[in-house]
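I have placed the structure first, in the form of structure tokens, so that the comments after it can refer back to it.
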Amino acid sequence: MSAILAIYPGSFDPLTHGHLDLIERGSQIFDQLVVAVLTNLEKAALFSIEERVDMLREVTAGIPNVSVDTFRGLLVDYALSKKARVILRGIRAFTDYEYELQMALMNRQLQPNIETVFLTPAEAYSHISSRLVKEIFQHGGPVKGLVPPVVEERLRRKVFPK
Ligand code: PNS
């Protein structure tokens with residue numbers, strides 16, 4: 001059986017402890033895990049692609065079978081170009097399910113040979129989202145425990161520059 005490469009795609013604006021938890025779990029299941037940051041322009045982002053990639057590289061530096069990349073266009077086209085067999089996505093709560101199911105089925109229709117695999121992050125992280133992290137931080141609230149320290153520091157520099 002050949003090695004299984006999985007793609008973990010997302011916006012990661014910014015990455016949270018929930019994302020990191022999923023990366024760690026995925027890295028223990030698959031031979032190679034590529035964390036792929038979407039560069040399509042439709043979403044207004046707080047962090048640039050380079051900043052998001054930097055943060056992801058920093059926090060995953062100790063996991064040898066994890067790499068970080070960017071992609072544009074259709075996820076299945078990117079996955080195919082990487083010879084990936086799996087798309088990894090996280091489901092935190094029931095509310096994620098509908099959207100994730102729709103994407104998984106659409107991706108399967110586009111590319112039947114690529115399977116979407118869902119993992120759940122640790123319960124302690126199931127309420128964390130990048131959107132809420134940004135909102136809390138922008139209003140001066142604490143994000144300790146929600147994001148890795150490197151992200152907290154970057155948020156501080158970005159939102160409250162000296
Ligand atoms: O972290 P996000 O923003 O929920 O990730 C969404 C993402 C990047 C996985 C999704 O928007 C995506 O795959 N975009 C690429 C374009 C694409 O393939 N669209 C069709 C999906 S069925």
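Labeling convention for the structure tokens: chains A, B, ... as they appear, residues from 1 per chain, ligands from 1 in order of appearance.
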Original post:
Neighbours of ligand 1 within 12 Å, counting only C-alpha atoms and all ligand atoms, as a PyMOL selection string?
Top reply: chain A and resi 7-16+18-19+35-45+70-80+87-92+96-97+99-111+116+129-131
Writing out the chosen residues with C-alpha atoms as a CSV table (one decimal), in the first residue's frame:
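Once written, selection_17.csv looks like this:
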```
chain,number,residue,atom,x,y,z
A,7,ILE,CA,-4.3,17.9,2.6
A,8,TYR,CA,-5.6,20.0,5.4
A,9,PRO,CA,-7.0,23.1,3.7
A,10,GLY,CA,-8.3,26.3,5.2
A,11,SER,CA,-8.1,30.0,5.6
A,12,PHE,CA,-6.1,29.9,8.9
A,13,ASP,CA,-6.7,33.6,9.6
A,14,PRO,CA,-5.2,33.0,12.1
A,15,LEU,CA,-4.6,29.5,13.1
A,16,THR,CA,-6.0,28.4,16.5
A,18,GLY,CA,-8.2,23.8,17.4
A,19,HIS,CA,-6.4,23.8,14.0
A,35,VAL,CA,-1.5,22.2,5.6
A,36,ALA,CA,-2.7,24.3,2.6
A,37,VAL,CA,-3.7,28.0,3.0
A,38,LEU,CA,-6.3,29.2,0.5
A,39,THR,CA,-5.1,32.3,-1.4
A,40,ASN,CA,-8.4,33.0,-3.2
A,41,LEU,CA,-9.3,36.6,-2.8
A,42,GLU,CA,-12.9,36.6,-1.9
A,43,LYS,CA,-12.5,36.7,1.9
A,44,ALA,CA,-11.1,39.9,3.6
A,45,ALA,CA,-8.3,38.6,5.8
A,70,THR,CA,-0.6,27.6,-0.3
A,71,PHE,CA,-3.1,27.0,-3.0
A,72,ARG,CA,-5.5,28.9,-5.3
A,73,GLY,CA,-8.5,27.7,-7.3
A,74,LEU,CA,-10.3,24.5,-6.7
A,75,LEU,CA,-9.2,22.4,-3.8
A,76,VAL,CA,-9.6,19.1,-5.6
A,77,ASP,CA,-7.3,20.3,-8.5
A,78,TYR,CA,-4.6,21.2,-5.9
A,79,ALA,CA,-5.1,17.9,-4.1
A,80,LEU,CA,-4.7,16.1,-7.4
A,87,ILE,CA,-8.8,16.0,2.3
A,88,LEU,CA,-8.8,16.4,6.1
A,89,ARG,CA,-11.4,18.7,7.7
A,90,GLY,CA,-12.4,19.3,11.3
A,91,ILE,CA,-15.9,19.2,12.7
A,92,ARG,CA,-16.2,21.0,16.0
A,96,ASP,CA,-20.2,22.7,11.1
A,97,TYR,CA,-21.7,19.5,9.7
A,99,TYR,CA,-21.4,23.0,5.4
A,100,GLU,CA,-18.8,20.4,5.6
A,101,LEU,CA,-21.0,17.6,4.3
A,102,GLN,CA,-22.0,19.8,1.3
A,103,MET,CA,-18.3,20.6,0.5
A,104,ALA,CA,-17.3,16.9,0.9
A,105,LEU,CA,-20.0,15.7,-1.4
A,106,MET,CA,-19.3,18.4,-4.0
A,107,ASN,CA,-15.5,17.6,-3.9
A,108,ARG,CA,-16.4,13.9,-4.3
A,109,GLN,CA,-18.5,14.8,-7.3
A,110,LEU,CA,-15.6,16.8,-8.8
A,111,GLN,CA,-13.0,14.2,-7.9
A,116,THR,CA,-12.7,13.7,2.8
A,129,SER,CA,-13.0,29.8,15.7
A,130,SER,CA,-10.6,32.2,14.0
A,131,ARG,CA,-13.5,34.7,13.6
```
Original post:
Got a sec to tell me which of region 5-79 of chain A DSSP assigns to alpha helix (DSSP H), as an NGL selection string?
Top reply: :A and (17-29 or 49-60 or 75-79)
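Note that CA of Asp21 (chain A) and CA of Leu119 (chain A) are 10.0 Å apart.
Note that the spacing between CA of Asn113 (chain A) and CA of Val53 (chain A) amounts to 27.8 Å.
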Subject >> Length of the CA of Leu56 (chain A) to CA of Val34 (chain A) vector [Å] >> reply: 10.9 Å
Original post:
Which is closer to Lys144 (chain A) than all the others in A:Ile128, A:Ile29, A:Val159, A:Val68, using only C-alpha atoms?
Top reply: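 Among the listed residues, A:Ile128 lies closest to Lys144 (chain A).
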Original post:
Of the residues A:Leu20, A:Val147, A:Ala93, A:Val66, which is the one nearest to Phe118 (chain A), using only C-alpha atoms?
Top reply: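 Using only C-alpha atoms, the shortest distance to Phe118 (chain A) belongs to A:Ala93.
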Subject >> Shell of 8 Å around Ile4 (chain A), only C-alpha atoms, local chain residues under 2 positions omitted, as a list of chain:residue names >> reply: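 In the requested form, the answer reads A:Ser2, A:Ala6, A:Phe30, A:Asp31, A:Gln32, A:Ala84, A:Arg85, A:Val86.
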**OP:** Go through A:Leu155, A:Leu22, A:Val59, A:Pro161 one by one, measure the shortest atom-to-atom distance of each to Gly141 (chain A) using only C-alpha atoms, and give the residue with the smallest value.
**Re:**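 Counting only C-alpha atoms, the residue closest to Gly141 (chain A) is A:Leu155.
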Original post:
Which residue, A:Lys82, A:Val151, A:Leu132, A:Arg157, has the smallest gap to Glu58 (chain A) when you use only C-alpha atoms?
Top reply: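 Nearest candidate to Glu58 (chain A) out of A:Lys82, A:Val151, A:Leu132, A:Arg157: A:Val151.
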**OP:** Could you pull out the residues in chain A that DSSP calls strand (DSSP E) from the backbone, as a list in words?
**Re:**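 Strand (DSSP E) assignments inside chain A correspond to Leu5, Ala6, Ile7, Tyr8, Pro9, Gly10, Gln32, Leu33, Val34, Val35, Ala36, Val37, Leu38, Val66, Ser67, Val68, Asp69, Thr70, Phe71, Val86, Ile87, Leu88, Arg89, Gly90, Glu115, Thr116, Val117, Phe118 and Leu119 of chain A.
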